[in-house]
Amino acid sequence: MSEDILAATAQRRAETVARWGEAHTMRMLNTTRNLILFPNMALIDLNFGIQVRTMYPTAPDRTEITGWQLMPKDAPDPLKAYRIDNALTFWGPAGLATPDDVEGLEQCQRGFSSLNEVQWSDISRGMGAERPTAVDELQMRSFWRQWNECITGEKASPEGPRYDTSYLTPATPDAALQTTSRSRS
């Protein structure tokens, strides 16, 4: 990143800290998140941009993917230019990330078409773990459980122990009040 981009990013972060506080800013800006909205939308939130993608199968071996790069409308011009360039050079069809993802998906499709050889895809990484990690395949198993229910009407059993979700809620009533009062300002 150029000095202009680094300065613009630092300024945006300082404004966010002033409005929401350091802890909330850390949760908003220092986290990589990928979210699949069943059945065909993905939100990819990285520290250099948010990408929204939709996936529409058009044939058994073809899928149309459309992507949008999101950014605040009041972002400084140098930051907007950087994010647009990043959308093209990283996420675009000839960018750094997309071609290898497409290649991987095409190779998977070739493998799936060899049904006589292997009748399943192993997505068991992290299965049975007490808490999901960033590299397990729980999200894929969850997707296919939901897909199976939509197609067959049969609800699949959830896997393993229930995950501890206490980290998703404020630890104290005071923390909840602080979050609420900040969001109203």
# chains A, B, ... in the order shown; residues from 1 in each chain; ligands from 1

call {"tool": "select_by_dssp", "arguments": {"residues": "chain A", "states": "strand (DSSP E)", "output": "compact mmCIF listing (two decimals) with C-alpha atoms, in the first residue's frame"}}
result
# COMPACT_ATOMS: atom_id res chain seq x y z
CA ARG A 33 -14.96 -13.27 8.07
CA ASN A 34 -16.49 -15.44 5.41
CA LEU A 35 -20.23 -15.94 5.49
CA ILE A 36 -22.34 -18.12 3.23
CA LEU A 37 -25.98 -17.10 2.97
CA MET A 41 -24.47 -15.86 -1.66
CA ALA A 42 -21.09 -15.33 -0.04
CA LEU A 43 -19.82 -12.35 1.94
CA ILE A 44 -16.03 -12.26 2.09
CA ASP A 45 -14.82 -9.68 4.60
CA LEU A 46 -11.06 -9.20 4.56
CA GLY A 49 -12.24 -5.06 1.28
CA ILE A 50 -15.63 -6.69 1.41
CA GLN A 51 -16.65 -8.82 -1.55
CA VAL A 52 -20.22 -10.02 -2.12
CA ARG A 53 -20.67 -12.90 -4.53
CA THR A 54 -23.67 -14.76 -5.87
CA MET A 55 -23.43 -18.18 -7.45
CA TYR A 56 -26.05 -19.48 -9.88
CA PRO A 57 -25.72 -22.94 -11.42
CA THR A 58 -26.60 -22.70 -15.12
CA ALA A 59 -25.93 -26.37 -16.00
CA ARG A 62 -21.43 -24.62 -15.13
CA THR A 63 -21.94 -21.84 -12.57
CA GLU A 64 -22.27 -18.10 -13.08
CA ILE A 65 -20.57 -16.08 -10.34
CA THR A 66 -21.09 -12.34 -9.94
CA GLY A 67 -19.07 -10.28 -7.48
CA TRP A 68 -19.33 -6.80 -6.01
CA GLN A 69 -16.72 -4.92 -4.00
CA LEU A 70 -18.22 -2.84 -1.19

call {"tool": "residues_around", "arguments": {"residues": "range 110-113 of chain A", "least_positions_apart": "5", "cutoff": "12 Å", "atoms": "only C-alpha atoms", "output": "VMD selection string"}}
result
chain A and resid 60 to 62 103 to 105 118 to 122

call {"tool": "write_last_selection", "arguments": {"atoms": "C-alpha atoms", "output": "PDB file, in the first residue's frame"}}
result
ATOM      1  CA  PRO A  60     -24.692 -29.464 -14.144  1.00  0.00           C
ATOM      2  CA  ASP A  61     -21.106 -28.424 -14.873  1.00  0.00           C
ATOM      3  CA  ARG A  62     -21.427 -24.619 -15.127  1.00  0.00           C
ATOM      4  CA  GLU A 103      -9.152 -23.996 -11.108  1.00  0.00           C
ATOM      5  CA  GLY A 104      -9.720 -25.752  -7.789  1.00  0.00           C
ATOM      6  CA  LEU A 105     -13.488 -25.799  -8.332  1.00  0.00           C
ATOM      7  CA  VAL A 118     -15.440 -42.182  -5.519  1.00  0.00           C
ATOM      8  CA  GLN A 119     -19.017 -41.655  -4.381  1.00  0.00           C
ATOM      9  CA  TRP A 120     -18.386 -38.912  -1.812  1.00  0.00           C
ATOM     10  CA  SER A 121     -16.188 -35.929  -1.071  1.00  0.00           C
ATOM     11  CA  ASP A 122     -14.365 -36.033   2.254  1.00  0.00           C
TER      12      ASP A 122
END

call {"tool": "closest_residue", "arguments": {"among": "A:Val102, A:Leu79, A:Ile123, A:Ala14", "to": "Phe143 in chain A", "atoms": "only C-alpha atoms"}}
result
A:Ile123

call {"tool": "closest_residue", "arguments": {"among": "A:Ile151, A:Ala97, A:Ala18, A:Arg125", "to": "Gln139 in chain A", "atoms": "only C-alpha atoms"}}
result
A:Arg125

call {"tool": "residues_around", "arguments": {"residues": "Leu88 in chain A", "least_positions_apart": "6", "cutoff": "10 Å", "atoms": "only C-alpha atoms", "output": "list in words"}}
result
Gln69, Tyr82, Ala94, Gly95, Leu96 and Thr98 of chain A

call {"tool": "write_last_selection", "arguments": {"atoms": "N, CA, C and O atoms", "output": "mmCIF file, in the first residue's frame"}}
result
data_model
loop_
_atom_site.group_PDB
_atom_site.id
_atom_site.type_symbol
_atom_site.label_atom_id
_atom_site.label_comp_id
_atom_site.auth_asym_id
_atom_site.auth_seq_id
_atom_site.Cartn_x
_atom_site.Cartn_y
_atom_site.Cartn_z
ATOM 1 N N GLN A 69 -17.627 -5.407 -5.043
ATOM 2 C CA GLN A 69 -16.719 -4.920 -4.002
ATOM 3 C C GLN A 69 -17.441 -3.790 -3.282
ATOM 4 O O GLN A 69 -17.915 -2.858 -3.920
ATOM 5 N N TYR A 82 -7.700 2.510 -4.531
ATOM 6 C CA TYR A 82 -6.996 1.301 -4.107
ATOM 7 C C TYR A 82 -7.950 0.116 -4.055
ATOM 8 O O TYR A 82 -7.638 -0.973 -4.533
ATOM 9 N N ALA A 94 -8.848 -12.275 -13.741
ATOM 10 C CA ALA A 94 -7.425 -12.523 -13.988
ATOM 11 C C ALA A 94 -6.592 -12.122 -12.774
ATOM 12 O O ALA A 94 -5.382 -11.953 -12.869
ATOM 13 N N GLY A 95 -7.239 -11.978 -11.622
ATOM 14 C CA GLY A 95 -6.551 -11.538 -10.414
ATOM 15 C C GLY A 95 -5.788 -12.655 -9.728
ATOM 16 O O GLY A 95 -5.676 -13.777 -10.232
ATOM 17 N N LEU A 96 -5.268 -12.344 -8.563
ATOM 18 C CA LEU A 96 -4.468 -13.300 -7.802
ATOM 19 C C LEU A 96 -5.321 -14.405 -7.187
ATOM 20 O O LEU A 96 -4.941 -15.575 -7.195
ATOM 21 N N THR A 98 -8.893 -15.267 -7.696
ATOM 22 C CA THR A 98 -9.965 -15.944 -8.412
ATOM 23 C C THR A 98 -9.502 -17.081 -9.324
ATOM 24 O O THR A 98 -10.100 -18.156 -9.282
#

call {"tool": "select_by_dssp", "arguments": {"residues": "range 6-147 of chain A", "states": "helix (DSSP H, G or I)", "output": "PDB file with N, CA and C atoms, in the first residue's frame"}}
result
ATOM      1  N   LEU A   6      -2.097   4.067   3.246  1.00  0.00           N
ATOM      2  CA  LEU A   6      -1.859   3.789   4.669  1.00  0.00           C
ATOM      3  C   LEU A   6      -2.397   4.916   5.547  1.00  0.00           C
ATOM      4  N   ALA A   7      -2.199   6.166   5.125  1.00  0.00           N
ATOM      5  CA  ALA A   7      -2.693   7.311   5.897  1.00  0.00           C
ATOM      6  C   ALA A   7      -4.222   7.331   5.909  1.00  0.00           C
ATOM      7  N   ALA A   8      -4.836   7.089   4.757  1.00  0.00           N
ATOM      8  CA  ALA A   8      -6.300   7.083   4.681  1.00  0.00           C
ATOM      9  C   ALA A   8      -6.874   5.957   5.539  1.00  0.00           C
ATOM     10  N   THR A   9      -6.229   4.800   5.510  1.00  0.00           N
ATOM     11  CA  THR A   9      -6.685   3.665   6.311  1.00  0.00           C
ATOM     12  C   THR A   9      -6.546   3.982   7.800  1.00  0.00           C
ATOM     13  N   ALA A  10      -5.426   4.567   8.194  1.00  0.00           N
ATOM     14  CA  ALA A  10      -5.205   4.940   9.601  1.00  0.00           C
ATOM     15  C   ALA A  10      -6.245   5.960  10.056  1.00  0.00           C
ATOM     16  N   GLN A  11      -6.571   6.917   9.197  1.00  0.00           N
ATOM     17  CA  GLN A  11      -7.571   7.936   9.530  1.00  0.00           C
ATOM     18  C   GLN A  11      -8.944   7.299   9.730  1.00  0.00           C
ATOM     19  N   ARG A  12      -9.326   6.402   8.829  1.00  0.00           N
ATOM     20  CA  ARG A  12     -10.623   5.719   8.959  1.00  0.00           C
ATOM     21  C   ARG A  12     -10.680   4.917  10.263  1.00  0.00           C
ATOM     22  N   ARG A  13      -9.570   4.259  10.584  1.00  0.00           N
ATOM     23  CA  ARG A  13      -9.520   3.469  11.810  1.00  0.00           C
ATOM     24  C   ARG A  13      -9.657   4.373  13.033  1.00  0.00           C
ATOM     25  N   ALA A  14      -8.961   5.515  13.030  1.00  0.00           N
ATOM     26  CA  ALA A  14      -9.044   6.453  14.154  1.00  0.00           C
ATOM     27  C   ALA A  14     -10.474   6.960  14.327  1.00  0.00           C
ATOM     28  N   GLU A  15     -11.149   7.252  13.231  1.00  0.00           N
ATOM     29  CA  GLU A  15     -12.545   7.696  13.299  1.00  0.00           C
ATOM     30  C   GLU A  15     -13.437   6.599  13.877  1.00  0.00           C
ATOM     31  N   THR A  16     -13.175   5.363  13.499  1.00  0.00           N
ATOM     32  CA  THR A  16     -13.962   4.235  14.002  1.00  0.00           C
ATOM     33  C   THR A  16     -13.730   4.046  15.493  1.00  0.00           C
ATOM     34  N   VAL A  17     -12.473   4.147  15.934  1.00  0.00           N
ATOM     35  CA  VAL A  17     -12.164   4.031  17.363  1.00  0.00           C
ATOM     36  C   VAL A  17     -12.866   5.147  18.139  1.00  0.00           C
ATOM     37  N   ALA A  18     -12.834   6.373  17.614  1.00  0.00           N
ATOM     38  CA  ALA A  18     -13.478   7.495  18.295  1.00  0.00           C
ATOM     39  C   ALA A  18     -14.980   7.259  18.444  1.00  0.00           C
ATOM     40  N   ARG A  19     -15.583   6.653  17.453  1.00  0.00           N
ATOM     41  CA  ARG A  19     -17.031   6.442  17.491  1.00  0.00           C
ATOM     42  C   ARG A  19     -17.434   5.203  18.292  1.00  0.00           C
ATOM     43  N   TRP A  20     -16.698   4.101  18.142  1.00  0.00           N
ATOM     44  CA  TRP A  20     -17.127   2.821  18.694  1.00  0.00           C
ATOM     45  C   TRP A  20     -16.234   2.272  19.808  1.00  0.00           C
ATOM     46  N   GLU A  22     -12.086   1.081  21.145  1.00  0.00           N
ATOM     47  CA  GLU A  22     -11.029   0.187  20.632  1.00  0.00           C
ATOM     48  C   GLU A  22     -11.481  -1.264  20.528  1.00  0.00           C
ATOM     49  N   ALA A  23     -12.171  -1.778  21.549  1.00  0.00           N
ATOM     50  CA  ALA A  23     -12.561  -3.197  21.539  1.00  0.00           C
ATOM     51  C   ALA A  23     -13.504  -3.500  20.375  1.00  0.00           C
ATOM     52  N   HIS A  24     -14.506  -2.652  20.176  1.00  0.00           N
ATOM     53  CA  HIS A  24     -15.458  -2.887  19.090  1.00  0.00           C
ATOM     54  C   HIS A  24     -14.775  -2.709  17.729  1.00  0.00           C
ATOM     55  N   THR A  25     -13.889  -1.727  17.627  1.00  0.00           N
ATOM     56  CA  THR A  25     -13.144  -1.522  16.383  1.00  0.00           C
ATOM     57  C   THR A  25     -12.309  -2.750  16.053  1.00  0.00           C
ATOM     58  N   MET A  26     -11.674  -3.338  17.054  1.00  0.00           N
ATOM     59  CA  MET A  26     -10.888  -4.561  16.821  1.00  0.00           C
ATOM     60  C   MET A  26     -11.780  -5.665  16.256  1.00  0.00           C
ATOM     61  N   ARG A  27     -12.981  -5.827  16.809  1.00  0.00           N
ATOM     62  CA  ARG A  27     -13.895  -6.860  16.306  1.00  0.00           C
ATOM     63  C   ARG A  27     -14.349  -6.554  14.884  1.00  0.00           C
ATOM     64  N   MET A  28     -14.536  -5.268  14.572  1.00  0.00           N
ATOM     65  CA  MET A  28     -15.008  -4.904  13.236  1.00  0.00           C
ATOM     66  C   MET A  28     -13.906  -4.974  12.188  1.00  0.00           C
ATOM     67  N   LEU A  29     -12.728  -4.479  12.519  1.00  0.00           N
ATOM     68  CA  LEU A  29     -11.701  -4.276  11.493  1.00  0.00           C
ATOM     69  C   LEU A  29     -10.565  -5.291  11.497  1.00  0.00           C
ATOM     70  N   ASP A  77     -10.777   9.451  -1.800  1.00  0.00           N
ATOM     71  CA  ASP A  77     -10.542   9.017  -3.177  1.00  0.00           C
ATOM     72  C   ASP A  77      -9.364   8.059  -3.327  1.00  0.00           C
ATOM     73  N   PRO A  78      -8.215   8.301  -2.657  1.00  0.00           N
ATOM     74  CA  PRO A  78      -7.115   7.334  -2.810  1.00  0.00           C
ATOM     75  C   PRO A  78      -7.491   5.930  -2.309  1.00  0.00           C
ATOM     76  N   LEU A  79      -8.284   5.871  -1.237  1.00  0.00           N
ATOM     77  CA  LEU A  79      -8.704   4.574  -0.713  1.00  0.00           C
ATOM     78  C   LEU A  79      -9.695   3.903  -1.674  1.00  0.00           C
ATOM     79  N   LYS A  80     -10.609   4.684  -2.252  1.00  0.00           N
ATOM     80  CA  LYS A  80     -11.533   4.130  -3.242  1.00  0.00           C
ATOM     81  C   LYS A  80     -10.766   3.572  -4.436  1.00  0.00           C
ATOM     82  N   ALA A  81      -9.788   4.330  -4.924  1.00  0.00           N
ATOM     83  CA  ALA A  81      -8.992   3.873  -6.077  1.00  0.00           C
ATOM     84  C   ALA A  81      -8.253   2.587  -5.734  1.00  0.00           C
ATOM     85  N   TYR A  82      -7.700   2.510  -4.531  1.00  0.00           N
ATOM     86  CA  TYR A  82      -6.996   1.301  -4.107  1.00  0.00           C
ATOM     87  C   TYR A  82      -7.950   0.116  -4.055  1.00  0.00           C
ATOM     88  N   ARG A  83      -9.129   0.307  -3.473  1.00  0.00           N
ATOM     89  CA  ARG A  83     -10.088  -0.786  -3.336  1.00  0.00           C
ATOM     90  C   ARG A  83     -10.592  -1.260  -4.694  1.00  0.00           C
ATOM     91  N   ILE A  84     -10.808  -0.323  -5.635  1.00  0.00           N
ATOM     92  CA  ILE A  84     -11.234  -0.718  -6.979  1.00  0.00           C
ATOM     93  C   ILE A  84     -10.121  -1.504  -7.672  1.00  0.00           C
ATOM     94  N   ASP A  85      -8.880  -1.025  -7.543  1.00  0.00           N
ATOM     95  CA  ASP A  85      -7.751  -1.743  -8.125  1.00  0.00           C
ATOM     96  C   ASP A  85      -7.621  -3.127  -7.502  1.00  0.00           C
ATOM     97  N   ASN A  86      -7.788  -3.215  -6.190  1.00  0.00           N
ATOM     98  CA  ASN A  86      -7.721  -4.505  -5.503  1.00  0.00           C
ATOM     99  C   ASN A  86      -8.819  -5.439  -5.984  1.00  0.00           C
ATOM    100  N   ALA A  87     -10.019  -4.886  -6.199  1.00  0.00           N
ATOM    101  CA  ALA A  87     -11.126  -5.712  -6.677  1.00  0.00           C
ATOM    102  C   ALA A  87     -10.783  -6.348  -8.025  1.00  0.00           C
ATOM    103  N   LEU A  88     -10.074  -5.611  -8.855  1.00  0.00           N
ATOM    104  CA  LEU A  88      -9.696  -6.140 -10.170  1.00  0.00           C
ATOM    105  C   LEU A  88      -8.486  -7.062 -10.101  1.00  0.00           C
ATOM    106  N   THR A  89      -7.435  -6.622  -9.404  1.00  0.00           N
ATOM    107  CA  THR A  89      -6.182  -7.376  -9.445  1.00  0.00           C
ATOM    108  C   THR A  89      -6.149  -8.557  -8.483  1.00  0.00           C
ATOM    109  N   PHE A  90      -6.995  -8.558  -7.453  1.00  0.00           N
ATOM    110  CA  PHE A  90      -7.035  -9.695  -6.535  1.00  0.00           C
ATOM    111  C   PHE A  90      -8.259 -10.565  -6.795  1.00  0.00           C
ATOM    112  N   TRP A  91      -9.450  -9.934  -6.848  1.00  0.00           N
ATOM    113  CA  TRP A  91     -10.695 -10.680  -6.981  1.00  0.00           C
ATOM    114  C   TRP A  91     -11.135 -10.900  -8.419  1.00  0.00           C
ATOM    115  N   THR A  98      -8.893 -15.267  -7.696  1.00  0.00           N
ATOM    116  CA  THR A  98      -9.965 -15.944  -8.412  1.00  0.00           C
ATOM    117  C   THR A  98      -9.502 -17.081  -9.324  1.00  0.00           C
ATOM    118  N   PRO A  99      -8.465 -16.914 -10.161  1.00  0.00           N
ATOM    119  CA  PRO A  99      -8.114 -18.007 -11.075  1.00  0.00           C
ATOM    120  C   PRO A  99      -7.777 -19.323 -10.364  1.00  0.00           C
ATOM    121  N   ASP A 100      -7.043 -19.276  -9.249  1.00  0.00           N
ATOM    122  CA  ASP A 100      -6.731 -20.536  -8.576  1.00  0.00           C
ATOM    123  C   ASP A 100      -7.959 -21.126  -7.895  1.00  0.00           C
ATOM    124  N   ASP A 101      -8.889 -20.271  -7.415  1.00  0.00           N
ATOM    125  CA  ASP A 101     -10.141 -20.787  -6.862  1.00  0.00           C
ATOM    126  C   ASP A 101     -10.951 -21.485  -7.955  1.00  0.00           C
ATOM    127  N   VAL A 102     -11.050 -20.843  -9.116  1.00  0.00           N
ATOM    128  CA  VAL A 102     -11.800 -21.427 -10.227  1.00  0.00           C
ATOM    129  C   VAL A 102     -11.162 -22.745 -10.660  1.00  0.00           C
ATOM    130  N   GLU A 103      -9.842 -22.762 -10.742  1.00  0.00           N
ATOM    131  CA  GLU A 103      -9.152 -23.996 -11.108  1.00  0.00           C
ATOM    132  C   GLU A 103      -9.459 -25.104 -10.101  1.00  0.00           C
ATOM    133  N   GLY A 104      -9.403 -24.763  -8.820  1.00  0.00           N
ATOM    134  CA  GLY A 104      -9.720 -25.752  -7.789  1.00  0.00           C
ATOM    135  C   GLY A 104     -11.143 -26.274  -7.926  1.00  0.00           C
ATOM    136  N   LEU A 105     -12.091 -25.378  -8.163  1.00  0.00           N
ATOM    137  CA  LEU A 105     -13.488 -25.799  -8.332  1.00  0.00           C
ATOM    138  C   LEU A 105     -13.662 -26.661  -9.579  1.00  0.00           C
ATOM    139  N   GLU A 106     -12.984 -26.293 -10.664  1.00  0.00           N
ATOM    140  CA  GLU A 106     -13.075 -27.098 -11.886  1.00  0.00           C
ATOM    141  C   GLU A 106     -12.500 -28.499 -11.659  1.00  0.00           C
ATOM    142  N   GLN A 107     -11.397 -28.580 -10.919  1.00  0.00           N
ATOM    143  CA  GLN A 107     -10.818 -29.898 -10.640  1.00  0.00           C
ATOM    144  C   GLN A 107     -11.750 -30.720  -9.743  1.00  0.00           C
ATOM    145  N   CYS A 108     -12.389 -30.075  -8.776  1.00  0.00           N
ATOM    146  CA  CYS A 108     -13.374 -30.778  -7.951  1.00  0.00           C
ATOM    147  C   CYS A 108     -14.509 -31.309  -8.822  1.00  0.00           C
ATOM    148  N   GLN A 109     -15.005 -30.473  -9.734  1.00  0.00           N
ATOM    149  CA  GLN A 109     -16.104 -30.889 -10.612  1.00  0.00           C
ATOM    150  C   GLN A 109     -15.705 -32.098 -11.440  1.00  0.00           C
ATOM    151  N   ARG A 110     -14.471 -32.086 -11.950  1.00  0.00           N
ATOM    152  CA  ARG A 110     -13.986 -33.253 -12.709  1.00  0.00           C
ATOM    153  C   ARG A 110     -13.985 -34.494 -11.819  1.00  0.00           C
ATOM    154  N   GLY A 111     -13.541 -34.307 -10.583  1.00  0.00           N
ATOM    155  CA  GLY A 111     -13.525 -35.441  -9.651  1.00  0.00           C
ATOM    156  C   GLY A 111     -14.920 -35.933  -9.329  1.00  0.00           C
ATOM    157  N   PHE A 112     -15.866 -35.000  -9.123  1.00  0.00           N
ATOM    158  CA  PHE A 112     -17.233 -35.400  -8.809  1.00  0.00           C
ATOM    159  C   PHE A 112     -17.869 -36.154  -9.967  1.00  0.00           C
ATOM    160  N   LEU A 138     -16.633 -27.385   8.831  1.00  0.00           N
ATOM    161  CA  LEU A 138     -17.980 -27.391   9.395  1.00  0.00           C
ATOM    162  C   LEU A 138     -18.958 -26.640   8.501  1.00  0.00           C
ATOM    163  N   GLN A 139     -18.532 -25.483   7.974  1.00  0.00           N
ATOM    164  CA  GLN A 139     -19.451 -24.699   7.145  1.00  0.00           C
ATOM    165  C   GLN A 139     -19.887 -25.487   5.910  1.00  0.00           C
ATOM    166  N   MET A 140     -18.994 -26.295   5.344  1.00  0.00           N
ATOM    167  CA  MET A 140     -19.368 -27.099   4.171  1.00  0.00           C
ATOM    168  C   MET A 140     -20.350 -28.198   4.562  1.00  0.00           C
ATOM    169  N   ARG A 141     -20.068 -28.859   5.686  1.00  0.00           N
ATOM    170  CA  ARG A 141     -20.990 -29.915   6.131  1.00  0.00           C
ATOM    171  C   ARG A 141     -22.365 -29.329   6.454  1.00  0.00           C
ATOM    172  N   SER A 142     -22.380 -28.150   7.077  1.00  0.00           N
ATOM    173  CA  SER A 142     -23.656 -27.493   7.405  1.00  0.00           C
ATOM    174  C   SER A 142     -24.431 -27.136   6.144  1.00  0.00           C
ATOM    175  N   PHE A 143     -23.699 -26.618   5.148  1.00  0.00           N
ATOM    176  CA  PHE A 143     -24.339 -26.290   3.868  1.00  0.00           C
ATOM    177  C   PHE A 143     -25.014 -27.526   3.291  1.00  0.00           C
ATOM    178  N   TRP A 144     -24.297 -28.651   3.230  1.00  0.00           N
ATOM    179  CA  TRP A 144     -24.851 -29.850   2.598  1.00  0.00           C
ATOM    180  C   TRP A 144     -25.950 -30.484   3.432  1.00  0.00           C
ATOM    181  N   ARG A 145     -25.906 -30.332   4.759  1.00  0.00           N
ATOM    182  CA  ARG A 145     -27.028 -30.799   5.578  1.00  0.00           C
ATOM    183  C   ARG A 145     -28.299 -30.021   5.210  1.00  0.00           C
ATOM    184  N   GLN A 146     -28.155 -28.689   5.083  1.00  0.00           N
ATOM    185  CA  GLN A 146     -29.312 -27.857   4.731  1.00  0.00           C
ATOM    186  C   GLN A 146     -29.797 -28.184   3.317  1.00  0.00           C
ATOM    187  N   TRP A 147     -28.870 -28.360   2.391  1.00  0.00           N
ATOM    188  CA  TRP A 147     -29.221 -28.711   1.008  1.00  0.00           C
ATOM    189  C   TRP A 147     -29.992 -30.026   0.997  1.00  0.00           C
TER     190      TRP A 147
END

call {"tool": "atom_distance", "arguments": {"atom1": "CA of Ser124 in chain A", "atom2": "CA of Ser157 in chain A"}}
result
15.1 Å
